[in-house]
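Report on the structure given below.
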Amino acid sequence: MSRSPARRRVAVIGTGAIVSGSHLPALRHHADRAELVAAVDVDQARLDAFRQLAGEDVAGYTSTDDMLDAVRPDLVLIGTPPSLHREQTVAALKAGAWVLCEKPLCLSLAEYDDIAAAEEASGAYASVVFQHRYGSGAVHARQLIASGELGAPLVAHCQTTWHRDAAYYAVPWRGRWATEGGGPTMGHGIHQFDLLLHLLGPWAEIRAMAARLVHDTESEDVSTALVRFENGALATVVNSVLSPHEVSRIRVDCADATVELTHLYGHRNDDWVYTPAPHVPSERATAWRTLAADLPSSHTAQLGTLLDAYDNGVRPPGSGPDARATLDFAAALYKAAFTGRPVHAGEIEPGDPFYPAMHGDHPHWAPKERA
């Protein structure tokens, strides 16, 4: 009889709402495989409140370095503001820990390459939280599209139309290039277009527009894009925080079927709809809609997949080139919007102004950081 994998020792950095509301329930669900042993927060009162919620046996620290030195965790979950992600991820990797970090993993492709170098040096891996990939409905749809069962992908639409008010942007790090990396393209719509990329595969070319129509922020409050994929499919992408009727939506029209996902912050199997083309037999369409299990998209689902990878000693999904491709898409959207010309996948390299920062230091749109 084979032995069960050891429980992984887990630490969290940041103890705010996303960690207490999403990561902690995920850890409790996987308690047979993961044990929360430490938490870090610069706010002692918030740290104390989290430890009361998580359990007093969870060690508390106000310094990431002190925690890593003392605890040497197997896995670190990061739920801090985006400007801290690169530094904290690199520190955890250097300590030998795997990382699961909230989106965006970092603020630029340059920062991402710092993380990749730390991965290479340590042998550990850093994944970004894109939980919508891991619900059973998304897994099923990707398998159907990738296998050709729905026919060739032709046309797609990706929509994140949400609403955020002035109070939301009163939080100091929001809406600023140096601390959030961008507007709804980086902070909101990235979940949906990551799922679109996951379903359709590599993208080839993007044209885009962005604007600040309502909010007094450095970054955009709406962006739109036209995308050509390597497989020939064409797509539209809309990212907004100006929309009173909030919805998250993906639609992919293939030769034999349309598959649609409509939700807000998470999906279940029932949120996926398959409409067959007129020539498709009903029994074939029925098979598309039949899933063995209903696993919601969630941190719980993604953590389970990451623990599987850890147990098997393989790179987890949502890391490496996979994670970089989504960040490259965001950078290319900004470059296309701010330069007014098409951008191709992989063209943003060291020396390109959009490599170290999403705004590209572009004088016609993104304000330069003042000393």
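Note on naming: chains are A, B, ... as they come in the structure tokens, residues start from 1 per chain, ligands start from 1 in the order shown.
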
Residue set, segment 165-334 of chain A restricted to alpha helix (DSSP H), as a ChimeraX atom specification: /A:177-180,184-187,190-200,282-288,299-312,320-334

Taking only C-alpha atoms into account, produce a table as JSON lines in which each residue of segment 49-139 of chain A with an atom at most 12 Å from an atom of segment 144-165 of chain A appears once, together with its shortest atom pair and the distance in Å to one decimal, ordered by chain and rising number.
{"residue": "A:Gly137", "atom": "CA", "partner": "A:Leu144", "partner_atom": "CA", "distance": 10.7}
{"residue": "A:Ala138", "atom": "CA", "partner": "A:Leu144", "partner_atom": "CA", "distance": 9.9}
{"residue": "A:Val139", "atom": "CA", "partner": "A:Leu144", "partner_atom": "CA", "distance": 8.8}

Would you list the contacts of segment 170-179 of chain A as a PyMOL selection string, taking every protein, DNA or RNA residue within 12 Å and counting only C-alpha atoms, but skipping same-chain residues closer than 5 positions in sequence? chain A and resi 80-86+104+106-108+164-165+184-188+212+215-222+241+334+356-361+365-370

Straight-line distance linking atom CA of Ala126 of chain A with atom CA of Phe50 of chain A, stated in Å to one decimal: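 Going from atom CA of Ala126 of chain A over to atom CA of Phe50 of chain A, I get 24.2 Å.
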
Residue nearest Arg46 of chain A among A:Thr286, A:Ser20, A:Ser63, A:Thr224 (counting only C-alpha atoms):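 With only C-alpha atoms as the atom set, the closest residue is A:Ser20.
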
If you run DSSP on the backbone, which residues of segment 102-247 of chain A are strand (DSSP E), as a PyMOL selection string? chain A and resi 126-128+153-163+203-211+222-229+234-240+242-247

Near Ile78 of chain A, within 9 Å and counting only C-alpha atoms, which residues show up once chain neighbours fewer than 5 positions away are dropped, as a count of residues only? 12

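You can rank A:Val237, A:Ile190, A:Ala287, A:Val42 by their closest distance to Arg207 of chain A using only C-alpha atoms, and at the top of that list sits A:Val237.
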
From the list A:Ala309, A:Ala97, A:Leu68, A:Ala257, the nearest residue to Arg284 of chain A using only C-alpha atoms is A:Ala257

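Residues within 8 Å of Ser122 of chain A, counting only C-alpha atoms and excluding same-chain residues fewer than 3 positions away, are Leu93, Lys94, Ala95, Gly96, Ala118 and Glu119 of chain A.
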
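As for atom CA of Val90 of chain A and atom CA of Ser127 of chain A, they are spaced 12.0 Å apart.
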
Of the candidates A:Leu242, A:Val37, A:Leu291, A:Ala331, which one gets nearest to Gln143 of chain A if we count only C-alpha atoms?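 Once distances to Gln143 of chain A are computed over only C-alpha atoms, the minimum belongs to A:Leu291.
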
Rows by chain and residue number, segment 247-311 of chain A within 9 Å of segment 194-200 of chain A, shortest pair, only C-alpha atoms, as a tab-separated table:
residue	atom	partner	partner_atom	distance
A:Ile250	CA	A:Leu196	CA	7.1
A:Arg251	CA	A:Leu196	CA	8.9
A:Val252	CA	A:Leu200	CA	8.7

Do you have the atom CA of Arg133 of chain A-atom CA of Ser240 of chain A distance handy?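 According to the coordinates, atom CA of Arg133 of chain A and atom CA of Ser240 of chain A are separated by 21.0 Å.
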
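Taking only C-alpha atoms, the non-local environment of Lys335 of chain A within 10 Å (same-chain residues fewer than 5 positions away omitted) comprises Ile206, Arg207, Ala208, Met209, Phe329, Ala330, Gly340, Arg341, Pro342, Val343, Ile348, Asp352, Pro353, Phe354, Tyr355, Met358, His359, Gly360 and His362 of chain A.
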
Using only N, CA, C and O atoms, please write the residues we just selected to a file, as a compact mmCIF listing (two decimals), in the first residue's frame.
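selection29.txt was written with the following content:
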# COMPACT_ATOMS: atom_id res chain seq x y z
N ILE A 206 -3.23 41.70 -31.13
CA ILE A 206 -4.25 42.45 -30.41
C ILE A 206 -4.24 43.91 -30.86
O ILE A 206 -3.18 44.50 -31.11
N ARG A 207 -5.43 44.48 -30.97
CA ARG A 207 -5.64 45.91 -31.19
C ARG A 207 -6.56 46.38 -30.07
O ARG A 207 -7.47 45.65 -29.68
N ALA A 208 -6.36 47.59 -29.55
CA ALA A 208 -7.09 47.96 -28.33
C ALA A 208 -7.30 49.46 -28.21
O ALA A 208 -6.64 50.27 -28.88
N MET A 209 -8.23 49.80 -27.31
CA MET A 209 -8.46 51.18 -26.90
C MET A 209 -8.69 51.18 -25.39
O MET A 209 -9.13 50.17 -24.82
N PHE A 329 -0.43 39.29 -22.41
CA PHE A 329 -1.66 39.77 -23.05
C PHE A 329 -2.06 41.13 -22.48
O PHE A 329 -2.42 42.05 -23.22
N ALA A 330 -2.02 41.27 -21.14
CA ALA A 330 -2.37 42.54 -20.51
C ALA A 330 -1.43 43.66 -20.97
O ALA A 330 -1.86 44.76 -21.32
N GLY A 340 -1.77 52.95 -30.42
CA GLY A 340 -2.68 52.96 -31.55
C GLY A 340 -2.30 52.02 -32.68
O GLY A 340 -2.74 52.19 -33.82
N ARG A 341 -1.49 51.02 -32.37
CA ARG A 341 -1.11 50.07 -33.42
C ARG A 341 -1.24 48.64 -32.92
O ARG A 341 -1.26 48.40 -31.70
N PRO A 342 -1.33 47.66 -33.81
CA PRO A 342 -1.44 46.27 -33.36
C PRO A 342 -0.16 45.80 -32.68
O PRO A 342 0.94 46.27 -33.00
N VAL A 343 -0.33 44.89 -31.73
CA VAL A 343 0.79 44.31 -31.00
C VAL A 343 0.70 42.79 -31.13
O VAL A 343 -0.38 42.22 -31.05
N ILE A 348 6.94 42.22 -26.67
CA ILE A 348 7.38 43.11 -25.58
C ILE A 348 8.53 42.44 -24.84
O ILE A 348 8.35 41.48 -24.09
N ASP A 352 11.81 47.49 -24.48
CA ASP A 352 10.50 48.03 -24.82
C ASP A 352 9.97 48.78 -23.60
O ASP A 352 10.04 48.26 -22.48
N PRO A 353 9.45 50.01 -23.74
CA PRO A 353 8.96 50.75 -22.57
C PRO A 353 7.81 50.06 -21.84
O PRO A 353 7.57 50.35 -20.67
N PHE A 354 7.11 49.14 -22.50
CA PHE A 354 6.02 48.43 -21.85
C PHE A 354 6.50 47.18 -21.13
O PHE A 354 5.69 46.48 -20.51
N TYR A 355 7.79 46.90 -21.18
CA TYR A 355 8.35 45.75 -20.45
C TYR A 355 8.46 46.03 -18.95
O TYR A 355 8.02 45.21 -18.13
N MET A 358 3.30 48.72 -17.21
CA MET A 358 2.17 48.56 -18.12
C MET A 358 1.83 49.86 -18.86
O MET A 358 1.29 49.82 -19.96
N HIS A 359 2.14 51.01 -18.27
CA HIS A 359 1.81 52.27 -18.93
C HIS A 359 2.82 52.63 -20.03
O HIS A 359 2.56 53.52 -20.84
N GLY A 360 3.96 51.95 -20.05
CA GLY A 360 4.93 52.19 -21.10
C GLY A 360 5.52 53.58 -21.11
O GLY A 360 6.13 53.99 -22.10
N HIS A 362 4.09 56.24 -21.50
CA HIS A 362 3.55 56.89 -22.69
C HIS A 362 3.00 58.27 -22.35
O HIS A 362 2.11 58.41 -21.53

Selected residue of minimal separation from Val128 of chain A among A:Tyr112, A:Phe229, A:Trp288, A:Trp272, counting only C-alpha atoms: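 Of A:Tyr112, A:Phe229, A:Trp288, A:Trp272, the one nearest Val128 of chain A, counting only C-alpha atoms, is A:Tyr112.
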
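Comparing the minimum interatomic distances between Glu87 of chain A and each of A:Leu226, A:Val129, A:Ala211, A:Ile115, counting only C-alpha atoms, we find that A:Ile115 sits nearest.
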